[in-house]
Amino acid sequence: MADLWAALLLSFGVVFVAELGDKSQLLAMAFATRFRAWQVLVGITIATTLVHLVSVAIGFGVGTALPTGWISLVAAVAFFGFAAWTWRGDSLTDADHDRATRTIKSAVIAVGTAFFLAELGDKTMLATVTLATQHDWAGVWIGSTLGMVAADALAIVVGRLLHRQLSEDVIRYGASALFVLFGAWMLVQGIVELT
């Protein structure tokens, strides 16, 4: 049970940070200008639950096949990659914005579909795969899902209240620095396990 809680808390933190300044967070802000906040949150939750279940299954399969020391080293490299990706930043294209503002009969289906597609291969999905290689799969699944929903809920609230008064650079650079810290931690853990 302690492993479940540790995995849940770690995954929540990692995915919450990964989502800061991400394209899907920008999508959440865009959807919040068109649909009700609860509709956007329900769509995000459904899509995230499905994507992260697939991510956890992939990570769990890889984790049982490889030694943990090497997995930690690969995870460290992945987190350094996430830091660089976050530093570079994401942007919302015109096609993404059109998809967010198009009138569709069911807002939940529109949001869920857009988020499901946006998250495939995204850094939050890859972070979830990475975490599931070494931690309790249920904790990673629940924590990563809650972390993403919380970050996107924050984006909705912030987007509605402050509307473009936040510095995206500050958010992006702070999240990138946290990924470097996670990567360094995983690197040290991998080296210790291999020696």
# chains A, B, ... in the order shown; residues from 1 in each chain; ligands from 1
>>> residues_around(residues="Ser144 (chain A)", least_positions_apart="5", cutoff="6 Å", atoms="only C-alpha atoms", output="count of residues only")
3
>>> atom_distance(atom1="CA of Gly43 (chain A)", atom2="CA of Ala114 (chain A)")
8.9 Å
>>> residues_around(residues="Ala177 (chain A)", least_positions_apart="4", cutoff="7 Å", atoms="only C-alpha atoms", output="list in words")
Ala83, Tyr173 and Leu181 of chain A
>>> residues_around(residues="Val56 (chain A)", least_positions_apart="2", cutoff="7 Å", atoms="only C-alpha atoms", output="list in words")
His52, Leu53, Val54, Ile58, Gly59, Phe60, Thr128, Val129, Ala132, Trp137 and Trp141 of chain A
>>> atom_distance(atom1="CA of Leu9 (chain A)", atom2="CA of Leu26 (chain A)")
24.2 Å
>>> atom_distance(atom1="CA of Thr130 (chain A)", atom2="CA of Ala84 (chain A)")
16.5 Å
>>> closest_residue(among="A:Leu154, A:Leu50, A:Val42, A:Phe115", to="Leu27 (chain A)", atoms="only C-alpha atoms")
A:Phe115
>>> residues_around(residues="Ala150 (chain A)", least_positions_apart="3", cutoff="10 Å", atoms="only C-alpha atoms", output="list in words")
Phe12, Val15, Phe16, Glu19, Leu41, Thr45, Ser144, Thr145, Leu146, Gly147, Ala153, Leu154, Ala155 and Ile156 of chain A
>>> closest_residue(among="A:Trp185, A:Thr195, A:Ile44, A:Trp5", to="Ile109 (chain A)", atoms="only C-alpha atoms")
A:Ile44
>>> closest_residue(among="A:Ala184, A:Val111, A:Ala138, A:Ala118", to="Val40 (chain A)", atoms="only C-alpha atoms")
A:Val111
>>> residues_around(residues="Ala47 (chain A)", least_positions_apart="5", cutoff="7 Å", atoms="only C-alpha atoms", output="short mmCIF file (atom, residue, chain, number, x, y, z; two decimals) with N, CA and C atoms, in the first residue's frame")
data_model
loop_
_atom_site.label_atom_id
_atom_site.label_comp_id
_atom_site.auth_asym_id
_atom_site.auth_seq_id
_atom_site.Cartn_x
_atom_site.Cartn_y
_atom_site.Cartn_z
N GLY A 112 -12.70 15.66 -25.09
CA GLY A 112 -12.08 14.35 -24.88
C GLY A 112 -11.31 13.87 -26.08
N THR A 113 -11.89 14.01 -27.25
CA THR A 113 -11.21 13.57 -28.49
C THR A 113 -9.96 14.39 -28.74
N PHE A 115 -8.13 16.06 -26.60
CA PHE A 115 -7.12 15.77 -25.60
C PHE A 115 -6.50 14.40 -25.80
N PHE A 116 -7.31 13.42 -26.15
CA PHE A 116 -6.78 12.08 -26.39
C PHE A 116 -5.74 12.14 -27.51
#
>>> closest_residue(among="A:Leu10, A:Leu194, A:Val140, A:Leu131", to="Val62 (chain A)", atoms="only C-alpha atoms")
A:Leu131
>>> residues_around(residues="Leu4 (chain A)", least_positions_apart="4", cutoff="7 Å", atoms="only C-alpha atoms", output="VMD selection string")
chain A and resid 8 136 138 to 139
